[in-house]
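For reference, start28.cif (mmCIF, C-alpha atoms):
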data_work
loop_
_atom_site.group_PDB
_atom_site.id
_atom_site.type_symbol
_atom_site.label_atom_id
_atom_site.label_comp_id
_atom_site.auth_asym_id
_atom_site.auth_seq_id
_atom_site.Cartn_x
_atom_site.Cartn_y
_atom_site.Cartn_z
ATOM 1 C CA MET A 27 -2.382 -9.053 17.080
ATOM 2 C CA LYS A 28 0.342 -10.461 19.280
ATOM 3 C CA LYS A 29 2.580 -11.072 16.237
ATOM 4 C CA LEU A 30 1.960 -7.506 15.068
ATOM 5 C CA ALA A 31 2.934 -6.152 18.485
ATOM 6 C CA GLU A 32 6.121 -8.247 18.465
ATOM 7 C CA MET A 33 6.964 -6.982 14.971
ATOM 8 C CA LEU A 34 6.594 -3.359 16.093
ATOM 9 C CA HIS A 35 8.669 -3.927 19.235
ATOM 10 C CA LYS A 36 11.479 -5.562 17.216
ATOM 11 C CA LYS A 37 11.603 -2.473 15.021
ATOM 12 C CA GLY A 38 11.715 -0.197 18.061
ATOM 13 C CA PHE A 39 8.127 1.085 17.837
ATOM 14 C CA LYS A 40 5.566 1.242 20.580
ATOM 15 C CA ALA A 41 2.699 -1.162 19.855
ATOM 16 C CA THR A 42 -0.217 1.123 20.604
ATOM 17 C CA PRO A 43 -3.755 -0.175 19.992
ATOM 18 C CA GLN A 44 -4.135 2.441 17.256
ATOM 19 C CA ARG A 45 -0.980 1.323 15.409
ATOM 20 C CA LEU A 46 -2.002 -2.304 15.711
ATOM 21 C CA GLU A 47 -5.431 -1.498 14.289
ATOM 22 C CA ILE A 48 -3.892 0.401 11.364
ATOM 23 C CA ILE A 49 -1.717 -2.604 10.491
ATOM 24 C CA ASN A 50 -4.648 -4.968 11.001
ATOM 25 C CA TYR A 51 -6.772 -2.851 8.659
ATOM 26 C CA LEU A 52 -4.054 -2.868 5.990
ATOM 27 C CA MET A 53 -3.663 -6.635 6.301
ATOM 28 C CA ASN A 54 -7.385 -7.193 5.818
ATOM 29 C CA THR A 55 -8.048 -4.958 2.826
ATOM 30 C CA LYS A 56 -7.119 -5.338 -0.817
ATOM 31 C CA SER A 57 -8.209 -1.787 -1.678
ATOM 32 C CA HIS A 58 -4.764 -0.137 -1.479
ATOM 33 C CA PRO A 59 -6.155 2.602 0.781
ATOM 34 C CA SER A 60 -5.012 6.177 1.092
ATOM 35 C CA ALA A 61 -4.178 7.656 4.495
ATOM 36 C CA GLU A 62 -7.620 9.306 4.435
ATOM 37 C CA GLU A 63 -9.358 5.968 3.877
ATOM 38 C CA VAL A 64 -7.390 4.292 6.679
ATOM 39 C CA TYR A 65 -8.223 7.208 8.985
ATOM 40 C CA LYS A 66 -11.935 7.028 8.155
ATOM 41 C CA ASN A 67 -12.071 3.294 8.902
ATOM 42 C CA ILE A 68 -9.916 3.395 12.041
ATOM 43 C CA LYS A 69 -11.830 6.378 13.451
ATOM 44 C CA GLU A 70 -14.926 4.184 13.830
ATOM 45 C CA LYS A 71 -13.108 2.033 16.403
ATOM 46 C CA PHE A 72 -10.873 4.806 17.821
ATOM 47 C CA PRO A 73 -12.918 8.041 17.718
ATOM 48 C CA THR A 74 -10.133 10.115 19.290
ATOM 49 C CA ILE A 75 -7.409 9.073 16.844
ATOM 50 C CA SER A 76 -5.930 11.931 14.843
ATOM 51 C CA PHE A 77 -5.194 11.939 11.129
ATOM 52 C CA ALA A 78 -1.575 12.760 12.021
ATOM 53 C CA THR A 79 -1.287 9.483 13.944
ATOM 54 C CA VAL A 80 -2.544 7.502 10.950
ATOM 55 C CA TYR A 81 -0.331 9.395 8.501
ATOM 56 C CA ASN A 82 2.774 9.125 10.696
ATOM 57 C CA THR A 83 2.193 5.413 11.254
ATOM 58 C CA LEU A 84 1.901 4.818 7.508
ATOM 59 C CA GLU A 85 5.080 6.822 6.889
ATOM 60 C CA THR A 86 6.906 4.839 9.599
ATOM 61 C CA LEU A 87 5.747 1.533 8.104
ATOM 62 C CA LYS A 88 6.847 2.740 4.672
ATOM 63 C CA LYS A 89 10.300 3.777 5.887
ATOM 64 C CA SER A 90 10.751 0.458 7.713
ATOM 65 C CA GLY A 91 9.883 -1.443 4.533
ATOM 66 C CA ASP A 92 6.666 -3.001 5.861
ATOM 67 C CA ILE A 93 4.385 -1.336 3.293
ATOM 68 C CA LYS A 94 4.838 0.243 -0.123
ATOM 69 C CA GLU A 95 3.591 3.623 -1.190
ATOM 70 C CA LEU A 96 1.956 3.574 -4.608
ATOM 71 C CA SER A 97 2.089 6.628 -6.835
ATOM 72 C CA ILE A 98 -0.536 5.191 -9.166
ATOM 73 C CA ASP A 99 -3.317 7.608 -8.139
ATOM 74 C CA HIS A 100 -2.546 11.238 -8.987
ATOM 75 C CA GLU A 101 -5.036 12.477 -6.372
ATOM 76 C CA ARG A 102 -3.547 10.729 -3.318
ATOM 77 C CA LYS A 103 -0.865 8.361 -2.075
ATOM 78 C CA ARG A 104 -2.043 4.767 -1.803
ATOM 79 C CA PHE A 105 -0.486 2.039 0.359
ATOM 80 C CA ASP A 106 0.060 -1.675 -0.198
ATOM 81 C CA ILE A 107 1.012 -4.131 2.544
ATOM 82 C CA ASP A 108 1.549 -6.950 0.032
ATOM 83 C CA LEU A 109 5.295 -6.851 -0.622
ATOM 84 C CA SER A 110 5.330 -9.885 -2.917
ATOM 85 C CA PRO A 111 6.307 -9.180 -6.546
ATOM 86 C CA HIS A 112 3.278 -7.914 -8.433
ATOM 87 C CA ASP A 113 2.047 -5.030 -10.543
ATOM 88 C CA HIS A 114 -1.065 -2.844 -10.285
ATOM 89 C CA PHE A 115 -3.951 -1.781 -12.482
ATOM 90 C CA PHE A 116 -5.636 1.591 -11.819
ATOM 91 C CA CYS A 117 -9.162 2.207 -13.052
ATOM 92 C CA LYS A 118 -9.548 5.796 -14.239
ATOM 93 C CA LYS A 119 -13.296 5.626 -13.723
ATOM 94 C CA CYS A 120 -13.823 4.151 -10.207
ATOM 95 C CA LYS A 121 -10.249 4.766 -8.914
ATOM 96 C CA LYS A 122 -9.895 1.134 -7.818
ATOM 97 C CA VAL A 123 -6.380 -0.348 -7.639
ATOM 98 C CA ILE A 124 -6.178 -4.027 -8.540
ATOM 99 C CA ASP A 125 -3.253 -6.363 -7.892
ATOM 100 C CA ILE A 126 -1.889 -8.045 -11.025
ATOM 101 C CA TYR A 127 -0.017 -11.286 -10.312
ATOM 102 C CA GLU A 128 -0.412 -13.551 -13.319
ATOM 103 C CA HIS A 129 0.626 -12.017 -16.583
ATOM 104 C CA LYS A 130 3.587 -11.745 -18.881
ATOM 105 C CA SER A 131 5.630 -9.230 -16.954
ATOM 106 C CA LEU A 132 7.598 -6.636 -18.826
ATOM 107 C CA LYS A 133 10.012 -6.548 -15.888
ATOM 108 C CA LYS A 134 11.737 -9.839 -16.733
ATOM 109 C CA ASP A 135 13.186 -8.403 -19.935
ATOM 110 C CA LEU A 136 14.743 -5.362 -18.266
ATOM 111 C CA PRO A 137 18.470 -5.175 -17.500
ATOM 112 C CA ASP A 138 20.017 -4.946 -14.020
ATOM 113 C CA THR A 139 21.574 -1.605 -14.893
ATOM 114 C CA ILE A 140 20.729 1.304 -17.175
ATOM 115 C CA GLU A 141 23.532 3.564 -18.384
ATOM 116 C CA GLY A 142 25.681 2.486 -15.439
ATOM 117 C CA ASN A 143 22.907 2.983 -12.870
ATOM 118 C CA ILE A 144 21.993 -0.046 -10.740
ATOM 119 C CA ILE A 145 18.280 -0.840 -10.754
ATOM 120 C CA GLU A 146 17.041 -1.782 -7.282
ATOM 121 C CA GLU A 147 13.310 -1.669 -7.886
ATOM 122 C CA ILE A 148 10.959 -1.431 -10.829
ATOM 123 C CA SER A 149 7.474 -0.029 -10.402
ATOM 124 C CA LEU A 150 5.046 -0.921 -13.141
ATOM 125 C CA PHE A 151 1.364 -0.102 -13.278
ATOM 126 C CA TYR A 152 -1.376 -0.189 -15.846
ATOM 127 C CA ILE A 153 -4.072 2.445 -16.274
ATOM 128 C CA GLY A 154 -7.426 1.912 -17.926
ATOM 129 C CA ILE A 155 -11.041 0.939 -17.236
ATOM 130 C CA CYS A 156 -11.678 -2.062 -14.966
ATOM 131 C CA GLU A 157 -13.960 -4.934 -15.895
ATOM 132 C CA SER A 158 -16.740 -3.728 -13.567
ATOM 133 C CA CYS A 159 -16.756 -0.204 -15.013
ATOM 134 C CA GLN A 160 -16.825 -1.533 -18.567
ATOM 135 C CA LYS A 161 -20.214 -3.096 -17.801
ATOM 136 C CA THR A 162 -21.786 0.161 -16.615
#
Can you give me the file's structure in the form of structure tokens?
Amino acid sequence: MKKLAEMLHKKGFKATPQRLEIINYLMNTKSHPSAEEVYKNIKEKFPTISFATVYNTLETLKKSGDIKELSIDHERKRFDIDLSPHDHFFCKKCKKVIDIYEHKSLKKDLPDTIEGNIIEEISLFYIGICESCQKT
């Protein structure tokens, strides 16, 4: 937690216990949670926390480049603290988001520019039915 507090201070943010817990939660989940899911889980430890605090913290972390917002789920924004290069798979049935690291990436064959526009980031995700849902 001390490293998290130092990170927030370096970026000019107050390291409140609530903010630290939000970051800690994100670091310890692979579920790519929505703001609502983060709020639900943080509220157990901080009953007086508001949804606005959770949402604003996530937006601040997104703007500072510490998390990514995923537009993979049409029902809600999802967040990912893992900034390493990887893609995502979205299960239409259970709504789970799965990190995809090892595969033949389509990204490597793409150019650095398209029609004179410089590409800074490529977002690729797959949609289908996950292995668990196929069994049910």
Can you list what the PyMOL selection byres ((chain A and resi 33-45) around 10) grabs from this structure, as a PyMOL selection string? chain A and resi 27-32+46-51+68-69+71-72+74-76+79-80+82-84+86-87+90+92
If you keep C-alpha atoms, can you produce a file of those selected residues as a short mmCIF file (atom, residue, chain, number, x, y, z; two decimals), keeping the file's coordinate frame?
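Contents of again-v9.cif, as written:
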data_model
loop_
_atom_site.label_atom_id
_atom_site.label_comp_id
_atom_site.auth_asym_id
_atom_site.auth_seq_id
_atom_site.Cartn_x
_atom_site.Cartn_y
_atom_site.Cartn_z
CA MET A 27 -2.38 -9.05 17.08
CA LYS A 28 0.34 -10.46 19.28
CA LYS A 29 2.58 -11.07 16.24
CA LEU A 30 1.96 -7.51 15.07
CA ALA A 31 2.93 -6.15 18.48
CA GLU A 32 6.12 -8.25 18.46
CA LEU A 46 -2.00 -2.30 15.71
CA GLU A 47 -5.43 -1.50 14.29
CA ILE A 48 -3.89 0.40 11.36
CA ILE A 49 -1.72 -2.60 10.49
CA ASN A 50 -4.65 -4.97 11.00
CA TYR A 51 -6.77 -2.85 8.66
CA ILE A 68 -9.92 3.40 12.04
CA LYS A 69 -11.83 6.38 13.45
CA LYS A 71 -13.11 2.03 16.40
CA PHE A 72 -10.87 4.81 17.82
CA THR A 74 -10.13 10.12 19.29
CA ILE A 75 -7.41 9.07 16.84
CA SER A 76 -5.93 11.93 14.84
CA THR A 79 -1.29 9.48 13.94
CA VAL A 80 -2.54 7.50 10.95
CA ASN A 82 2.77 9.12 10.70
CA THR A 83 2.19 5.41 11.25
CA LEU A 84 1.90 4.82 7.51
CA THR A 86 6.91 4.84 9.60
CA LEU A 87 5.75 1.53 8.10
CA SER A 90 10.75 0.46 7.71
CA ASP A 92 6.67 -3.00 5.86
#
One-decimal distance in Å that lies between CA of Ile107 in chain A and CA of Leu52 in chain A: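 These atoms are spaced 6.3 Å apart.
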Selection in question (the file shown): the PyMOL selection byres ((chain A and resi 119-126) around 8). Which residues does it include, as a short mmCIF file (atom, residue, chain, number, x, y, z; two decimals) with C-alpha atoms, in the frame of the given file?
data_model
loop_
_atom_site.label_atom_id
_atom_site.label_comp_id
_atom_site.auth_asym_id
_atom_site.auth_seq_id
_atom_site.Cartn_x
_atom_site.Cartn_y
_atom_site.Cartn_z
CA LYS A 56 -7.12 -5.34 -0.82
CA SER A 57 -8.21 -1.79 -1.68
CA HIS A 58 -4.76 -0.14 -1.48
CA ASP A 99 -3.32 7.61 -8.14
CA HIS A 112 3.28 -7.91 -8.43
CA ASP A 113 2.05 -5.03 -10.54
CA HIS A 114 -1.06 -2.84 -10.28
CA PHE A 115 -3.95 -1.78 -12.48
CA PHE A 116 -5.64 1.59 -11.82
CA CYS A 117 -9.16 2.21 -13.05
CA LYS A 118 -9.55 5.80 -14.24
CA TYR A 127 -0.02 -11.29 -10.31
CA GLU A 128 -0.41 -13.55 -13.32
CA HIS A 129 0.63 -12.02 -16.58
CA ILE A 155 -11.04 0.94 -17.24
CA CYS A 156 -11.68 -2.06 -14.97
CA CYS A 159 -16.76 -0.20 -15.01
#
In Å, rounded to a single decimal, give me how far CA of Phe77 in chain A is from CA of Phe105 in chain A.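 Computing the Euclidean distance for CA of Phe105 in chain A and CA of Phe77 in chain A yields 15.4 Å.
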Å distance separating CA of Ile144 in chain A from CA of Arg102 in chain A, one decimal place: 28.7 Å
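Between Ile98 in chain A and the residues A:Pro111, A:Gly142, A:Pro73, A:Pro59, the shortest atom-to-atom distance, using only C-alpha atoms, involves A:Pro59.
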Could you write out as JSON the box around range 49-56 of chain A (axis-aligned, all atoms listed in the file, 6 Å on each side), with centre and edge lengths in Å to one decimal?
{"center_x": -4.9, "center_y": -4.9, "center_z": 5.1, "size_x": 18.3, "size_y": 16.6, "size_z": 23.8}
A:Asp106, A:Glu101, A:Glu141, A:Glu70: which is nearest Thr55 in chain A, counting only C-alpha atoms?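 Once distances to Thr55 in chain A are computed over only C-alpha atoms, the minimum belongs to A:Asp106.
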Can you list, as a PyMOL selection string, every protein, DNA or RNA residue that comes within 10 Å of Leu109 in chain A when you count all atoms listed in the file, leaving out same-chain residues fewer than 6 positions away? chain A and resi 91-94
Rebuild N, CA and C atoms on range 91-123 of chain A, as a PDB file, in the coordinates of the input?
ATOM      1  N   GLY A  91       9.995  -0.427   5.570  1.00  0.00           N
ATOM      2  CA  GLY A  91       9.883  -1.443   4.533  1.00  0.00           C
ATOM      3  C   GLY A  91       8.746  -2.424   4.727  1.00  0.00           C
ATOM      4  N   ASP A  92       7.787  -2.098   5.588  1.00  0.00           N
ATOM      5  CA  ASP A  92       6.666  -3.001   5.861  1.00  0.00           C
ATOM      6  C   ASP A  92       5.468  -2.764   4.950  1.00  0.00           C
ATOM      7  N   ILE A  93       5.410  -1.616   4.293  1.00  0.00           N
ATOM      8  CA  ILE A  93       4.385  -1.336   3.293  1.00  0.00           C
ATOM      9  C   ILE A  93       5.038  -0.555   2.162  1.00  0.00           C
ATOM     10  N   LYS A  94       4.374  -0.560   1.013  1.00  0.00           N
ATOM     11  CA  LYS A  94       4.838   0.243  -0.123  1.00  0.00           C
ATOM     12  C   LYS A  94       3.873   1.386  -0.354  1.00  0.00           C
ATOM     13  N   GLU A  95       4.421   2.503  -0.765  1.00  0.00           N
ATOM     14  CA  GLU A  95       3.591   3.623  -1.190  1.00  0.00           C
ATOM     15  C   GLU A  95       3.448   3.539  -2.699  1.00  0.00           C
ATOM     16  N   LEU A  96       2.218   3.631  -3.176  1.00  0.00           N
ATOM     17  CA  LEU A  96       1.956   3.574  -4.608  1.00  0.00           C
ATOM     18  C   LEU A  96       1.691   4.982  -5.128  1.00  0.00           C
ATOM     19  N   SER A  97       2.316   5.315  -6.220  1.00  0.00           N
ATOM     20  CA  SER A  97       2.089   6.628  -6.835  1.00  0.00           C
ATOM     21  C   SER A  97       1.188   6.491  -8.059  1.00  0.00           C
ATOM     22  N   ILE A  98       0.330   5.509  -8.036  1.00  0.00           N
ATOM     23  CA  ILE A  98      -0.536   5.191  -9.166  1.00  0.00           C
ATOM     24  C   ILE A  98      -1.722   6.147  -9.289  1.00  0.00           C
ATOM     25  N   ASP A  99      -2.158   6.708  -8.173  1.00  0.00           N
ATOM     26  CA  ASP A  99      -3.317   7.608  -8.139  1.00  0.00           C
ATOM     27  C   ASP A  99      -2.793   9.034  -8.006  1.00  0.00           C
ATOM     28  N   HIS A 100      -3.069   9.864  -8.990  1.00  0.00           N
ATOM     29  CA  HIS A 100      -2.546  11.238  -8.987  1.00  0.00           C
ATOM     30  C   HIS A 100      -3.203  12.117  -7.929  1.00  0.00           C
ATOM     31  N   GLU A 101      -4.319  11.676  -7.367  1.00  0.00           N
ATOM     32  CA  GLU A 101      -5.036  12.477  -6.372  1.00  0.00           C
ATOM     33  C   GLU A 101      -4.549  12.242  -4.948  1.00  0.00           C
ATOM     34  N   ARG A 102      -3.985  11.049  -4.679  1.00  0.00           N
ATOM     35  CA  ARG A 102      -3.547  10.729  -3.318  1.00  0.00           C
ATOM     36  C   ARG A 102      -2.569   9.567  -3.315  1.00  0.00           C
ATOM     37  N   LYS A 103      -1.758   9.500  -2.272  1.00  0.00           N
ATOM     38  CA  LYS A 103      -0.865   8.361  -2.075  1.00  0.00           C
ATOM     39  C   LYS A 103      -1.719   7.163  -1.679  1.00  0.00           C
ATOM     40  N   ARG A 104      -1.367   5.999  -2.172  1.00  0.00           N
ATOM     41  CA  ARG A 104      -2.043   4.767  -1.803  1.00  0.00           C
ATOM     42  C   ARG A 104      -0.998   3.843  -1.191  1.00  0.00           C
ATOM     43  N   PHE A 105      -1.423   2.913  -0.333  1.00  0.00           N
ATOM     44  CA  PHE A 105      -0.486   2.039   0.359  1.00  0.00           C
ATOM     45  C   PHE A 105      -0.833   0.573   0.130  1.00  0.00           C
ATOM     46  N   ASP A 106       0.211  -0.247   0.050  1.00  0.00           N
ATOM     47  CA  ASP A 106       0.060  -1.675  -0.198  1.00  0.00           C
ATOM     48  C   ASP A 106       0.910  -2.436   0.808  1.00  0.00           C
ATOM     49  N   ILE A 107       0.278  -3.329   1.560  1.00  0.00           N
ATOM     50  CA  ILE A 107       1.012  -4.131   2.544  1.00  0.00           C
ATOM     51  C   ILE A 107       1.558  -5.410   1.925  1.00  0.00           C
ATOM     52  N   ASP A 108       1.088  -5.745   0.725  1.00  0.00           N
ATOM     53  CA  ASP A 108       1.549  -6.950   0.032  1.00  0.00           C
ATOM     54  C   ASP A 108       2.874  -6.636  -0.656  1.00  0.00           C
ATOM     55  N   LEU A 109       3.959  -7.143  -0.101  1.00  0.00           N
ATOM     56  CA  LEU A 109       5.295  -6.851  -0.622  1.00  0.00           C
ATOM     57  C   LEU A 109       5.776  -7.894  -1.623  1.00  0.00           C
ATOM     58  N   SER A 110       4.936  -8.879  -1.929  1.00  0.00           N
ATOM     59  CA  SER A 110       5.330  -9.885  -2.917  1.00  0.00           C
ATOM     60  C   SER A 110       5.397  -9.226  -4.297  1.00  0.00           C
ATOM     61  N   PRO A 111       6.192  -9.781  -5.205  1.00  0.00           N
ATOM     62  CA  PRO A 111       6.307  -9.180  -6.546  1.00  0.00           C
ATOM     63  C   PRO A 111       4.971  -9.198  -7.284  1.00  0.00           C
ATOM     64  N   HIS A 112       4.499  -8.030  -7.638  1.00  0.00           N
ATOM     65  CA  HIS A 112       3.278  -7.914  -8.433  1.00  0.00           C
ATOM     66  C   HIS A 112       3.156  -6.491  -8.960  1.00  0.00           C
ATOM     67  N   ASP A 113       2.292  -6.334  -9.949  1.00  0.00           N
ATOM     68  CA  ASP A 113       2.047  -5.030 -10.543  1.00  0.00           C
ATOM     69  C   ASP A 113       0.650  -4.567 -10.142  1.00  0.00           C
ATOM     70  N   HIS A 114       0.242  -3.399 -10.635  1.00  0.00           N
ATOM     71  CA  HIS A 114      -1.065  -2.844 -10.285  1.00  0.00           C
ATOM     72  C   HIS A 114      -1.777  -2.289 -11.512  1.00  0.00           C
ATOM     73  N   PHE A 115      -3.086  -2.367 -11.466  1.00  0.00           N
ATOM     74  CA  PHE A 115      -3.951  -1.781 -12.482  1.00  0.00           C
ATOM     75  C   PHE A 115      -4.794  -0.718 -11.803  1.00  0.00           C
ATOM     76  N   PHE A 116      -4.853   0.484 -12.373  1.00  0.00           N
ATOM     77  CA  PHE A 116      -5.636   1.591 -11.819  1.00  0.00           C
ATOM     78  C   PHE A 116      -6.776   1.915 -12.765  1.00  0.00           C
ATOM     79  N   CYS A 117      -7.996   1.861 -12.243  1.00  0.00           N
ATOM     80  CA  CYS A 117      -9.162   2.207 -13.052  1.00  0.00           C
ATOM     81  C   CYS A 117      -9.381   3.716 -13.000  1.00  0.00           C
ATOM     82  N   LYS A 118      -9.352   4.346 -14.156  1.00  0.00           N
ATOM     83  CA  LYS A 118      -9.548   5.796 -14.239  1.00  0.00           C
ATOM     84  C   LYS A 118     -10.957   6.206 -13.840  1.00  0.00           C
ATOM     85  N   LYS A 119     -11.904   5.296 -13.985  1.00  0.00           N
ATOM     86  CA  LYS A 119     -13.296   5.626 -13.723  1.00  0.00           C
ATOM     87  C   LYS A 119     -13.656   5.526 -12.236  1.00  0.00           C
ATOM     88  N   CYS A 120     -13.422   4.359 -11.614  1.00  0.00           N
ATOM     89  CA  CYS A 120     -13.823   4.151 -10.207  1.00  0.00           C
ATOM     90  C   CYS A 120     -12.673   4.346  -9.220  1.00  0.00           C
ATOM     91  N   LYS A 121     -11.456   4.525  -9.727  1.00  0.00           N
ATOM     92  CA  LYS A 121     -10.249   4.766  -8.914  1.00  0.00           C
ATOM     93  C   LYS A 121      -9.779   3.536  -8.140  1.00  0.00           C
ATOM     94  N   LYS A 122     -10.292   2.363  -8.492  1.00  0.00           N
ATOM     95  CA  LYS A 122      -9.895   1.134  -7.818  1.00  0.00           C
ATOM     96  C   LYS A 122      -8.495   0.734  -8.267  1.00  0.00           C
ATOM     97  N   VAL A 123      -7.699   0.192  -7.334  1.00  0.00           N
ATOM     98  CA  VAL A 123      -6.380  -0.348  -7.639  1.00  0.00           C
ATOM     99  C   VAL A 123      -6.473  -1.865  -7.488  1.00  0.00           C
TER     100      VAL A 123
END
